[in-house]
Structures are given as structure tokens and as C-alpha cells.
$ cat model-v1.tsv   # TSV, C-alpha atoms and all ligand atoms
chain	number	residue	atom	x	y	z
A	8	MET	CA	36.98	8.63	-49.51
A	9	SER	CA	39.86	7.44	-51.67
A	10	ASP	CA	42.04	4.61	-50.56
A	11	ILE	CA	45.07	6.34	-49.06
A	12	SER	CA	46.87	3.01	-49.02
A	13	ALA	CA	47.93	3.46	-52.67
A	14	PRO	CA	51.69	2.91	-52.29
A	15	PRO	CA	53.77	6.02	-51.63
A	16	ILE	CA	56.31	7.05	-54.27
A	17	THR	CA	59.87	6.43	-53.02
A	18	CYS	CA	63.40	6.78	-54.41
A	19	ALA	CA	64.26	3.13	-54.01
A	20	GLU	CA	64.11	2.10	-57.69
A	21	PRO	CA	67.36	2.92	-59.58
A	22	GLY	CA	66.54	4.75	-62.79
A	23	SER	CA	63.15	5.99	-61.55
A	24	PHE	CA	62.40	9.72	-61.58
A	25	PRO	CA	62.74	10.18	-57.78
A	26	TRP	CA	66.00	8.20	-57.81
A	27	GLY	CA	67.27	10.59	-60.50
A	28	VAL	CA	66.36	13.57	-58.34
A	29	PHE	CA	68.75	12.35	-55.64
A	30	HIS	CA	71.45	11.02	-57.96
A	31	GLU	CA	71.45	13.60	-60.77
A	32	ARG	CA	69.49	16.73	-59.83
A	33	HIS	CA	70.84	17.20	-56.31
A	34	PRO	CA	74.56	16.89	-57.21
A	35	ALA	CA	74.04	19.33	-60.11
A	36	LEU	CA	72.16	21.73	-57.85
A	37	ILE	CA	74.90	21.72	-55.23
A	38	ARG	CA	77.56	22.35	-57.86
A	39	ARG	CA	75.55	25.37	-59.04
A	40	ILE	CA	75.09	26.71	-55.50
A	41	GLU	CA	78.82	26.44	-54.83
A	42	GLN	CA	79.60	28.26	-58.06
A	43	ALA	CA	77.08	31.02	-57.32
A	44	LEU	CA	78.02	31.76	-53.71
A	45	PRO	CA	81.51	31.67	-52.09
A	46	TYR	CA	80.64	29.35	-49.24
A	47	GLY	CA	83.66	28.43	-47.10
A	48	PRO	CA	85.12	24.99	-46.40
A	49	ALA	CA	82.71	24.27	-43.53
A	50	GLU	CA	79.60	24.89	-45.64
A	51	ARG	CA	81.03	23.00	-48.64
A	52	ARG	CA	81.94	20.05	-46.41
A	53	ALA	CA	78.41	20.03	-44.98
A	54	LEU	CA	76.91	20.08	-48.49
A	55	ALA	CA	79.14	17.19	-49.61
A	56	GLU	CA	78.20	15.26	-46.49
A	57	LEU	CA	74.50	15.88	-47.17
A	58	LEU	CA	74.89	14.50	-50.69
A	59	ARG	CA	76.68	11.42	-49.39
A	60	GLU	CA	74.25	10.77	-46.55
A	61	SER	CA	71.13	11.29	-48.66
A	62	ARG	CA	72.23	8.70	-51.21
A	63	HIS	CA	74.04	6.12	-49.13
A	64	ASP	CA	73.21	6.42	-45.45
A	65	LEU	CA	70.57	6.73	-42.76
A	66	VAL	CA	68.60	9.93	-42.14
A	67	ALA	CA	70.27	12.05	-39.45
A	68	THR	CA	68.27	14.46	-37.27
A	69	LEU	CA	68.58	18.24	-37.19
A	70	PRO	CA	71.05	19.75	-34.69
A	71	PRO	CA	69.71	20.58	-31.21
A	72	ASP	CA	69.75	24.34	-31.86
A	73	ALA	CA	67.64	24.16	-35.05
A	74	PRO	CA	64.77	26.67	-34.66
A	75	ASP	CA	62.25	24.20	-36.08
A	76	LEU	CA	63.58	21.12	-34.29
A	77	ALA	CA	60.32	20.49	-32.44
A	78	LEU	CA	58.33	20.56	-35.69
A	79	TRP	CA	60.68	18.15	-37.42
A	80	GLN	CA	60.73	15.81	-34.43
A	81	VAL	CA	57.03	15.34	-35.09
A	82	TRP	CA	57.17	15.44	-38.90
A	83	GLY	CA	60.10	12.98	-39.02
A	84	LYS	CA	59.62	10.70	-36.05
A	85	GLU	CA	58.96	7.61	-38.18
A	86	HIS	CA	61.77	8.39	-40.61
A	87	PHE	CA	64.89	9.48	-38.72
A	88	GLY	CA	67.48	6.71	-38.58
A	89	ARG	CA	66.10	4.91	-41.63
A	90	PRO	CA	67.70	4.67	-45.12
A	91	TRP	CA	66.80	7.71	-47.23
A	92	PRO	CA	65.71	5.75	-50.35
A	93	SER	CA	63.17	3.71	-48.39
A	94	LEU	CA	61.21	6.82	-47.33
A	95	PRO	CA	58.32	8.54	-49.12
A	96	PHE	CA	59.84	10.75	-51.84
A	97	LEU	CA	57.80	13.73	-50.61
A	98	TRP	CA	59.34	13.42	-47.17
A	99	SER	CA	62.91	12.72	-48.25
A	100	GLU	CA	63.04	15.45	-50.89
A	101	SER	CA	61.56	18.02	-48.49
A	102	TYR	CA	63.99	17.07	-45.75
A	103	PHE	CA	66.86	17.29	-48.24
A	104	TYR	CA	66.00	20.96	-48.84
A	105	ARG	CA	65.68	21.60	-45.10
A	106	ARG	CA	69.12	20.04	-44.58
A	107	LEU	CA	70.54	22.04	-47.48
A	108	LEU	CA	69.58	25.21	-45.57
A	109	GLU	CA	71.26	23.75	-42.51
A	110	ALA	CA	74.46	23.00	-44.44
A	111	THR	CA	74.66	26.53	-45.83
A	112	GLY	CA	74.11	28.08	-42.37
A	113	TYR	CA	70.79	29.66	-43.26
A	114	PHE	CA	69.44	29.50	-39.71
A	115	THR	CA	72.50	30.31	-37.56
A	116	GLY	CA	75.81	32.18	-37.82
A	117	ALA	CA	77.18	34.63	-40.37
A	118	TRP	CA	75.32	33.14	-43.36
A	119	GLN	CA	72.05	33.39	-41.48
A	120	GLY	CA	69.25	34.61	-43.74
A	121	VAL	CA	71.29	34.23	-46.95
A	122	ASP	CA	69.02	32.48	-49.46
A	123	PRO	CA	71.27	29.89	-51.20
A	124	PHE	CA	69.01	30.13	-54.25
A	125	ALA	CA	68.96	33.95	-54.43
A	126	PRO	CA	71.55	34.20	-57.26
A	127	PHE	CA	69.34	32.03	-59.50
A	128	LYS	CA	66.20	33.97	-58.62
A	129	ARG	CA	67.99	37.29	-59.26
A	130	ALA	CA	69.31	36.07	-62.62
A	131	GLU	CA	65.82	35.07	-63.71
A	132	LEU	CA	64.39	38.45	-62.68
A	133	ALA	CA	67.11	40.21	-64.68
A	134	GLY	CA	66.84	37.94	-67.73
A	135	ASP	CA	65.45	38.49	-71.22
A	136	ALA	CA	62.58	36.05	-70.71
A	137	PHE	CA	61.35	37.99	-67.69
A	138	ALA	CA	61.59	41.27	-69.63
A	139	ALA	CA	59.58	39.70	-72.46
A	140	ASP	CA	56.95	38.53	-69.96
A	141	LEU	CA	56.67	42.08	-68.61
A	142	ALA	CA	56.29	43.51	-72.12
A	143	ALA	CA	53.68	40.87	-72.99
A	144	LEU	CA	51.36	42.34	-70.37
A	145	ASP	CA	50.71	45.24	-72.79
A	146	ALA	CA	49.34	42.86	-75.42
A	147	ARG	CA	46.60	41.77	-73.01
A	148	GLU	CA	44.94	45.16	-73.13
A	149	SER	CA	43.52	44.64	-76.62
A	150	LEU	CA	41.91	41.29	-75.73
A	151	THR	CA	38.28	40.71	-74.83
A	152	GLU	CA	37.57	39.94	-71.16
A	153	ALA	CA	37.20	36.21	-71.89
A	154	GLU	CA	40.39	36.11	-73.95
A	155	ARG	CA	42.29	38.01	-71.28
A	156	GLU	CA	41.14	35.63	-68.54
A	157	HIS	CA	42.11	32.64	-70.65
A	158	ALA	CA	45.54	34.16	-71.36
A	159	LEU	CA	46.17	35.02	-67.70
A	160	LEU	CA	45.18	31.56	-66.49
A	161	THR	CA	47.20	29.82	-69.18
A	162	THR	CA	50.28	31.94	-68.46
A	163	ALA	CA	50.01	31.25	-64.72
A	164	LEU	CA	49.65	27.55	-65.52
A	165	TRP	CA	52.63	27.24	-67.86
A	166	GLY	CA	54.65	29.72	-65.78
A	167	ASN	CA	55.10	26.70	-63.51
A	168	LEU	CA	57.65	25.34	-66.00
A	169	ALA	CA	60.00	28.15	-64.93
A	170	ASP	CA	61.07	26.10	-61.93
A	171	LEU	CA	64.79	26.24	-61.34
A	172	GLY	CA	64.91	22.82	-59.67
A	173	PHE	CA	63.29	21.27	-62.72
A	174	THR	CA	65.35	23.15	-65.32
A	175	ILE	CA	68.63	21.89	-63.81
A	176	THR	CA	68.07	18.46	-65.32
A	177	ALA	CA	65.08	18.90	-67.65
A	178	THR	CA	65.28	18.91	-71.41
A	179	ALA	CA	61.78	20.26	-72.22
A	180	SER	CA	62.02	23.39	-74.31
A	181	GLY	CA	58.93	25.23	-73.11
A	182	PRO	CA	55.15	25.20	-72.93
A	183	THR	CA	53.54	22.84	-75.42
A	184	GLY	CA	49.97	23.80	-74.57
A	185	ALA	CA	49.02	20.15	-74.06
A	186	LEU	CA	46.52	19.70	-71.24
A	187	ALA	CA	45.98	16.30	-69.64
A	188	ALA	CA	42.88	17.66	-67.89
A	189	ASP	CA	41.09	20.98	-68.13
A	190	ASP	CA	38.43	21.90	-65.56
A	191	SER	CA	38.89	25.64	-66.09
A	192	ALA	CA	35.19	26.08	-66.91
A	193	ALA	CA	34.43	25.05	-63.32
A	194	LEU	CA	36.89	27.56	-61.85
A	195	TRP	CA	35.43	30.90	-62.96
A	196	PRO	CA	31.96	30.45	-61.39
A	197	LEU	CA	33.66	29.92	-57.99
A	198	LEU	CA	35.09	33.43	-58.20
A	199	ASP	CA	32.13	35.50	-57.04
A	200	GLY	CA	33.83	38.43	-55.33
A	201	GLY	CA	34.90	36.71	-52.09
A	202	LEU	CA	38.25	35.58	-50.70
A	203	VAL	CA	40.58	33.59	-52.97
A	204	HIS	CA	43.74	31.96	-51.69
A	205	VAL	CA	46.62	31.45	-54.09
A	206	VAL	CA	49.27	29.07	-52.79
A	207	ALA	CA	52.37	30.31	-54.61
A	208	ASP	CA	55.04	28.09	-56.05
A	209	ASN	CA	58.11	29.52	-57.78
A	210	ALA	CA	59.56	33.04	-57.67
A	211	ALA	CA	60.38	35.30	-60.65
A	212	ARG	CA	58.66	34.27	-63.93
A	213	GLU	CA	55.99	32.02	-62.40
A	214	LEU	CA	55.28	34.56	-59.69
A	215	LEU	CA	54.98	37.34	-62.25
A	216	ALA	CA	52.26	35.38	-64.01
A	217	ASP	CA	50.55	34.67	-60.69
A	218	LEU	CA	50.65	38.35	-59.73
A	219	ALA	CA	49.17	39.35	-63.10
A	220	LEU	CA	46.33	36.88	-62.54
A	221	ILE	CA	45.78	38.13	-58.98
A	222	ASP	CA	45.71	41.72	-60.21
A	223	HIS	CA	43.01	40.77	-62.69
A	224	LEU	CA	40.94	38.93	-60.06
A	225	LEU	CA	41.00	42.00	-57.82
A	226	ALA	CA	40.56	44.62	-60.55
A	227	SER	CA	37.66	42.77	-62.18
A	228	GLY	CA	35.89	42.07	-58.87
A	229	ARG	CA	36.21	38.31	-59.43
A	230	ALA	CA	37.88	38.35	-55.99
A	231	GLY	CA	37.25	40.85	-53.22
A	232	GLU	CA	40.37	39.74	-51.38
A	233	VAL	CA	43.31	37.53	-52.26
A	234	GLY	CA	45.54	35.70	-49.78
A	235	LEU	CA	48.88	34.89	-51.41
A	236	MET	CA	50.51	32.12	-49.42
A	237	VAL	CA	54.29	32.11	-49.66
A	238	LYS	CA	57.01	30.04	-48.02
A	239	PRO	CA	58.35	31.25	-44.65
A	240	HIS	CA	61.90	30.57	-45.86
A	241	PRO	CA	63.62	29.29	-49.02
A	242	TYR	CA	62.60	25.78	-50.00
A	243	TYR	CA	62.63	23.81	-53.28
A	244	VAL	CA	65.19	25.98	-55.16
A	245	SER	CA	63.00	28.72	-56.53
A	246	ASP	CA	60.03	28.64	-54.16
A	247	ALA	CA	58.70	32.13	-53.48
A	248	THR	CA	59.07	33.88	-50.13
A	249	ALA	CA	57.78	37.36	-49.23
A	250	THR	CA	61.19	38.75	-50.26
A	251	ASP	CA	60.66	37.26	-53.73
A	252	VAL	CA	57.20	38.79	-54.00
A	253	LEU	CA	58.63	42.22	-53.21
A	254	ALA	CA	61.43	41.74	-55.75
A	255	CYS	CA	58.91	40.80	-58.44
A	256	LEU	CA	56.69	43.72	-57.52
A	257	ALA	CA	59.67	46.07	-57.76
A	258	ARG	CA	60.35	44.85	-61.32
A	259	LEU	CA	56.68	45.45	-62.20
A	260	THR	CA	56.53	48.97	-60.77
A	261	ALA	CA	59.84	49.91	-62.37
A	262	GLY	CA	58.50	48.76	-65.75
A	263	SER	CA	56.45	50.70	-68.23
A	264	GLY	CA	52.92	50.49	-69.58
A	265	GLU	CA	50.68	47.77	-68.18
A	266	ALA	CA	53.51	46.31	-66.06
A	267	ALA	CA	53.80	49.55	-64.09
A	268	ARG	CA	50.01	49.79	-63.74
A	269	VAL	CA	49.77	46.18	-62.46
A	270	GLY	CA	52.61	46.94	-60.03
A	271	ALA	CA	50.89	50.09	-58.74
A	272	ARG	CA	47.53	48.37	-58.31
A	273	LEU	CA	49.07	45.43	-56.44
A	274	THR	CA	51.10	47.73	-54.20
A	275	GLN	CA	47.90	49.59	-53.30
A	276	ALA	CA	46.07	46.30	-52.77
A	277	LEU	CA	48.79	45.20	-50.33
A	278	ARG	CA	48.52	48.50	-48.49
A	279	ASP	CA	44.75	48.35	-48.11
A	280	GLY	CA	44.66	44.61	-47.33
A	281	ARG	CA	42.83	43.36	-50.43
A	282	LEU	CA	46.02	41.45	-51.21
A	283	ARG	CA	47.45	39.78	-48.14
A	284	LEU	CA	50.74	37.90	-47.99
A	285	TRP	CA	50.59	35.07	-45.53
A	286	THR	CA	52.53	31.99	-44.59
A	287	HIS	CA	52.48	29.03	-42.24
A	288	PRO	CA	55.17	26.59	-41.01
A	289	PHE	CA	53.22	23.82	-42.75
A	290	ALA	CA	54.04	25.47	-46.10
A	291	CYS	CA	57.46	23.77	-45.74
A	292	ALA	CA	56.23	20.56	-44.16
A	293	PRO	CA	57.25	17.24	-45.77
A	294	LEU	CA	53.66	16.05	-45.55
A	295	PRO	CA	50.49	15.97	-47.62
A	296	TYR	CA	47.85	18.66	-47.04
A	297	ARG	CA	45.64	15.87	-45.73
A	298	ASP	CA	47.70	16.19	-42.51
A	299	MET	CA	47.40	19.97	-42.21
A	300	PRO	CA	46.82	21.46	-38.76
A	301	ASP	CA	43.46	22.96	-37.79
A	302	ASP	CA	44.47	26.62	-38.02
A	303	LEU	CA	45.58	26.14	-41.62
A	304	ARG	CA	42.42	24.15	-42.36
A	305	ARG	CA	40.37	27.10	-41.12
A	306	GLU	CA	42.29	29.52	-43.38
A	307	PHE	CA	41.57	27.43	-46.47
A	308	ALA	CA	37.96	26.86	-45.40
A	309	ALA	CA	37.34	30.61	-45.43
A	310	ALA	CA	38.13	30.95	-49.15
A	311	LYS	CA	35.72	30.64	-52.07
A	312	VAL	CA	38.51	28.69	-53.72
A	313	THR	CA	42.15	27.89	-53.02
A	314	VAL	CA	44.38	27.83	-56.09
A	315	MET	CA	47.35	25.51	-55.64
A	316	LYS	CA	50.23	26.31	-57.95
A	317	GLY	CA	52.75	23.80	-59.20
A	318	ASP	CA	53.95	20.26	-58.99
A	319	LEU	CA	54.96	20.00	-55.36
A	320	ASN	CA	51.66	21.49	-54.19
A	321	TYR	CA	49.90	18.92	-56.37
A	322	ARG	CA	51.90	16.11	-54.81
A	323	ARG	CA	50.92	17.39	-51.38
A	324	LEU	CA	47.29	17.97	-52.37
A	325	ALA	CA	46.59	14.61	-54.03
A	326	GLY	CA	49.07	12.61	-51.95
A	327	ASP	CA	52.41	11.57	-53.48
A	328	ARG	CA	51.29	8.06	-54.26
A	329	HIS	CA	51.04	5.64	-57.14
A	330	TRP	CA	47.35	6.40	-57.73
A	331	PRO	CA	45.72	4.80	-60.73
A	332	PRO	CA	45.60	7.91	-62.98
A	333	THR	CA	41.82	7.63	-63.33
A	334	THR	CA	41.29	8.03	-59.56
A	335	PRO	CA	38.91	11.00	-59.34
A	336	PHE	CA	40.58	14.27	-58.33
A	337	ALA	CA	37.48	15.12	-56.24
A	338	GLU	CA	38.02	11.90	-54.32
A	339	VAL	CA	41.70	12.38	-53.45
A	340	THR	CA	41.04	16.00	-52.42
A	341	GLY	CA	37.81	15.17	-50.56
A	342	TYR	CA	39.48	16.03	-47.23
A	343	PHE	CA	40.33	19.59	-48.35
A	344	PRO	CA	38.20	22.10	-46.42
A	345	GLY	CA	36.85	24.03	-49.39
A	346	PRO	CA	36.84	24.28	-53.17
A	347	VAL	CA	40.32	23.77	-54.56
A	348	ALA	CA	41.96	24.18	-57.95
A	349	ALA	CA	45.32	22.81	-59.08
A	350	LEU	CA	47.31	24.63	-61.78
A	351	ARG	CA	50.25	22.35	-62.48
A	352	THR	CA	52.70	21.44	-65.17
A	353	VAL	CA	53.29	17.73	-64.71
A	354	LYS	CA	56.87	17.20	-63.49
A	355	SER	CA	56.62	14.12	-61.29
A	356	ASP	CA	54.90	10.75	-61.29
A	357	VAL	CA	51.70	11.38	-59.35
A	358	VAL	CA	48.57	12.04	-61.36
A	359	THR	CA	44.84	11.67	-60.79
A	360	GLY	CA	41.60	12.65	-62.47
A	361	LEU	CA	42.35	11.52	-66.03
A	362	THR	CA	39.83	9.89	-68.30
A	363	PRO	CA	40.73	6.28	-69.16
A	364	GLN	CA	41.28	7.31	-72.77
A	365	THR	CA	43.63	10.19	-71.89
A	366	ALA	CA	45.63	8.00	-69.53
A	367	THR	CA	46.03	5.25	-72.11
A	368	THR	CA	46.87	7.60	-74.96
A	369	LEU	CA	49.42	9.62	-73.01
A	370	ASP	CA	51.21	6.55	-71.67
A	371	ALA	CA	51.31	5.00	-75.15
A	372	GLN	CA	52.27	8.07	-77.16
A	373	THR	CA	54.43	10.12	-74.76
A	374	PRO	CA	55.94	7.74	-72.20
A	375	THR	CA	57.86	10.56	-70.48
A	376	TRP	CA	54.83	12.84	-70.14
A	377	ARG	CA	54.65	12.61	-66.33
A	378	THR	CA	58.10	14.04	-65.72
A	379	ALA	CA	59.14	15.97	-68.82
A	380	GLY	CA	56.98	19.07	-68.32
A	381	THR	CA	55.33	18.56	-71.70
A	382	HIS	CA	51.84	18.46	-70.21
A	383	ALA	CA	49.87	20.52	-67.75
A	384	LEU	CA	46.57	20.20	-65.98
A	385	ILE	CA	43.86	22.36	-64.49
A	386	GLN	CA	41.80	20.39	-62.01
A	387	VAL	CA	39.03	21.76	-59.83
A	388	ARG	CA	37.03	20.32	-56.97
A	389	THR	CA	34.04	22.57	-56.43
A	390	GLY	CA	32.41	21.23	-53.24
A	391	THR	CA	33.41	21.92	-49.64
A	392	GLY	CA	35.45	19.17	-48.03
A	393	ALA	CA	33.89	16.09	-46.50
A	394	GLY	CA	33.12	16.49	-42.83
A	395	PHE	CA	34.12	20.13	-42.63
A	396	SER	CA	31.82	23.10	-42.62
A	397	ARG	CA	32.96	26.62	-43.46
A	398	GLY	CA	34.02	28.69	-40.47
A	399	SER	CA	34.05	25.72	-38.09
B	401	LIG	O1	56.59	22.48	-57.31
B	401	LIG	P1	57.26	22.77	-58.61
B	401	LIG	O2	58.16	23.95	-58.50
B	401	LIG	O3	56.29	22.88	-59.73
B	401	LIG	O4	58.16	21.52	-58.99
B	401	LIG	C1	59.02	20.92	-58.07
B	401	LIG	C2	59.87	19.90	-58.74
B	401	LIG	O5	60.87	20.46	-59.55
B	401	LIG	O6	60.46	19.18	-57.74
B	401	LIG	C3	60.00	17.83	-57.72
B	401	LIG	C4	61.02	16.86	-58.04
B	401	LIG	O7	62.26	17.32	-57.66
B	401	LIG	C5	58.91	17.71	-58.68
B	401	LIG	O8	57.75	17.77	-57.95
B	401	LIG	C6	59.05	18.91	-59.56
B	401	LIG	O9	59.72	18.52	-60.70
$ encode --input "model-v1.tsv" --output "C-alpha cells"
Amino acid sequence: MSDISAPPITCAEPGSFPWGVFHERHPALIRRIEQALPYGPAERRALAELLRESRHDLVATLPPDAPDLALWQVWGKEHFGRPWPSLPFLWSESYFYRRLLEATGYFTGAWQGVDPFAPFKRAELAGDAFAADLAALDARESLTEAEREHALLTTALWGNLADLGFTITATASGPTGALAADDSAALWPLLDGGLVHVVADNAARELLADLALIDHLLASGRAGEVGLMVKPHPYYVSDATATDVLACLARLTAGSGEAARVGARLTQALRDGRLRLWTHPFACAPLPYRDMPDDLRREFAAAKVTVMKGDLNYRRLAGDRHWPPTTPFAEVTGYFPGPVAALRTVKSDVVTGLTPQTATTLDAQTPTWRTAGTHALIQVRTGTGAGFSRGS
């Protein structure tokens, strides 16, 4: 087992990436939210207070009527009342988004159920880039099976750059195609017609690419059943909920050519249960997957492989820690109850599973590579998790 005492990433260091998330990304995000939705004085005051508290004060608890208070009392018991910057970045950033929902009244009152990020998600669905992605599905038809699979996987991988939290402050212009690790050859043999879980990340463009990949897995028989895990409520800006899946599906079915066919096949797959949307409160937990509860562990254990999309899922999968970058991926994910694959564009500091040469070259030649979205990785652990048998 890997040494989980590698120090956690925190926001304490001025100028570090996590520090910038709280001091640059969050203020910009809140300005955008206030421009996009006409929140009243009470919500705007609560948002301003959240910004102030999260940069300069101690972590306050949720109000007594919060529907998930009991969960957070457990998830946050060591952290409430402490200075935000001293806490693990994974915890503090996750709690920031939970408090943002609180400030906008997402859980109680007249604004209940209003996704503060919905205007951004809608704009992306209606945009030219999304339309181009839909049209590009037609081009796949002329490819060989191997080329099509490569294209679908690569698009799902780089689709992770279309992350609205990241694009608020990022300067990267788009996919570069540079892979820091590529275990894709180990992924395909795991897909032998059984259950595949896909843990979704962002809505709109990334989700479109994920749905196209899922459609292929089902249509080709690579997967007999796919479980698409979404968030139970809005989370890191553009994270996908069931509502976002339906919105993306509606754009597919209203399209033409291959887009409409993909949409029709996925709609049928949802109806007959070959594609199942599912969620779990732990999907929005501020904790690594290492701490997942037993019912979730059993879900993942049932799959031939679980595909984790995106940067945040990677942070939760590997542990958001200052690992030496050559720490084996199989070692940090050894606790996971089944084969697991990470498809991630690299947008935060944590990284594992690199060869010494790759790590040295990347750090020397592209010092910003861990946070700029210039690189991606496909990492696969093929064995079942240590100390956990399938179906137990
Ligand atoms: O999970 P995703 O959508 O790929 O990325 C989430 C993200 O934007 O948020 C974090 C920092 O704010 C980073 O993990 C990453 O840049």
C-alpha cells in the first residue's frame, strides 16, 4: 500500500495554484454568477460573506436546517472552526461549493432547486463549439473500428478541458494532444461485455463526448450495461447532474445524422436499463474515494471497470497529496474495489504514475504543465482492489 502520509495539498502558500483558486477563480466565478442570475440582496450578501470567510476567516458550519447537515457533521468534524487555508484543498474547495449553494438558496426557499451554474451550462449547449461537436459525430462513421474507438476515447479525454470552473481563469487554448501517461491499451481488454461504470464530470461538451463513448460501448457489445454516475445536485461549476444528462440527450436527439441516431439509441438504452443513471451522496463528498462507504464500494466492485472522468475525480481517486510523481498509480488506487481507469486533463497539482524521464522532462520543459490543461493522462489499474473480493 502507498504511504498515505504524503502531505495533503492545501491553499496556505500564497501564489500556489490552490491559493489562486480561492483568491482569483472564486471571486471571478461569483461575479459571473451574479451577472447571470438576478439574485437579490440577501443572496448577494451571502455570496460576498462566503468569499470573505473562505479567504480570511474560520470555517463556519452549515445552518441547522441544511438537508445534508448530518453528513457534513461527519465529513467536516475535524475542519469546522479552523482557518480555511490550513485545510486540505480537496476539503476546502468542496465545502466552498456546498456553501455557494447555501448562499444562493439552492436547498430552501424560493430559489430552491435553481442551479446557479445553469446559465453557463445552457450557453455551452447552445454554442458553436457544441454544434461542431455534434456535427463531428458524422465523421466517425467512415473510420475503422479501431480508429473510431481511439477517436471516441480521445474526445472523451480532452472533453474534460471544457470545464467551466477551469476556463474562468485558464489561458490554455485547447487540446494539445500531449499525454503524460497512456495506458489505453490496458483499458480495452477490460471491456468484455459486462457492466462498466462511468463517473461523469462536466456537463455539456464533456458529457456529449462521454455519451458518444457510452453509446459505442453499448452498441459494439464492449459493455452489456453502463452505469453513468452523476452528481445528486450542482457541484464544481459545470458538474453534470441527471438534468444535464437529459439536456444533452435532448440536443443529440434534436440533431441530425449520427447525433440523432446516438440520441435515439441512448434513449432506448435508458428505457430498457442498459444505460442506468445513478448517484450517491458521496459523489459530492469532500473526501477521497479511499473513504467511500460500503454501499458505494459494492457498486464499483460489481463493474468490469470504473472510468473516472476529470481532474477532481482524479484528485479523489489518487488522494489530493504531494505524491512523488513516479508513485505507481496502481499503488495509490490499490484500495479501489475493482479495475479503474482515469481519463483526465491535468488541471491541478496531484499526479502519479509517471516514468522518471517523463516527470523530469515535463517539469523542466513545461513548468506549468500540472495546472495549465496542456497535458492529459489515461491511467488504468487492471486488478481488483486489495482486500476486497467482487460481490462481497
Ligand atoms: O474535475 P474537473 O472538472 O476536471 O476540474 C475541476 C477543476 O477545475 O477544479 C479544481 C481546481 O479548482 C481542479 O481540480 C480543476 O482545475
$ residues_near_ligand --input "model-v1.tsv" --ligand "ligand LIG 401 (chain B)" --cutoff "8 Å" --atoms "all atoms listed in the file" --output "VMD selection string"
chain A and resid 25 28 32 100 167 to 174 208 to 209 243 245 to 246 316 to 322 351 to 355 378
$ closest_residue --input "model-v1.tsv" --among "A:Arg229, A:Ala138, A:Leu198, A:Arg305" --to "Leu259 in chain A" --atoms "only C-alpha atoms"
A:Ala138
$ closest_residue --input "model-v1.tsv" --among "A:Leu78, A:Val66, A:Leu58, A:Met236" --to "His204 in chain A" --atoms "only C-alpha atoms"
A:Met236
$ residues_near_point --input "model-v1.tsv" --point "(47.8, 3.8, -56.7)" --cutoff "8 Å" --atoms "all atoms listed in the file" --output "PyMOL selection string"
chain A and resi 12-14+328-332
$ closest_residue --input "model-v1.tsv" --among "A:His223, A:Arg212, A:Arg89, A:Arg278" --to "Leu141 in chain A" --atoms "only C-alpha atoms"
A:Arg212
$ residues_around --input "model-v1.tsv" --residues "Pro71 in chain A" --least-positions-apart "5" --cutoff "12 Å" --atoms "only C-alpha atoms" --output "PDB file with C-alpha atoms, in the coordinates of the input"
ATOM      1  CA  LEU A  76      63.580  21.120 -34.290  1.00  0.00           C
ATOM      2  CA  ALA A  77      60.320  20.490 -32.440  1.00  0.00           C
ATOM      3  CA  TRP A  79      60.680  18.150 -37.420  1.00  0.00           C
ATOM      4  CA  GLN A  80      60.730  15.810 -34.430  1.00  0.00           C
ATOM      5  CA  GLU A 109      71.260  23.750 -42.510  1.00  0.00           C
ATOM      6  CA  THR A 115      72.500  30.310 -37.560  1.00  0.00           C
TER       7      THR A 115
END
$ atom_distance --input "model-v1.tsv" --atom1 "CA of Arg283 in chain A" --atom2 "CA of Gly234 in chain A"
4.8 Å
$ atom_distance --input "model-v1.tsv" --atom1 "CA of Thr333 in chain A" --atom2 "CA of Val358 in chain A"
8.3 Å
$ closest_residue --input "model-v1.tsv" --among "A:Leu107, A:Val252, A:Val269, A:Ile40" --to "Glu60 in chain A" --atoms "only C-alpha atoms"
A:Leu107
$ residues_around --input "model-v1.tsv" --residues "Val314 in chain A" --least-positions-apart "3" --cutoff "10 Å" --atoms "all atoms listed in the file" --output "ChimeraX atom specification"
/A:194,203-207,235,310-311,317,320,346-350,386-387
$ closest_residue --input "model-v1.tsv" --among "A:Ala383, A:Ala43, A:Ala55, A:Ala266" --to "Asp145 in chain A" --atoms "all atoms listed in the file"
A:Ala266
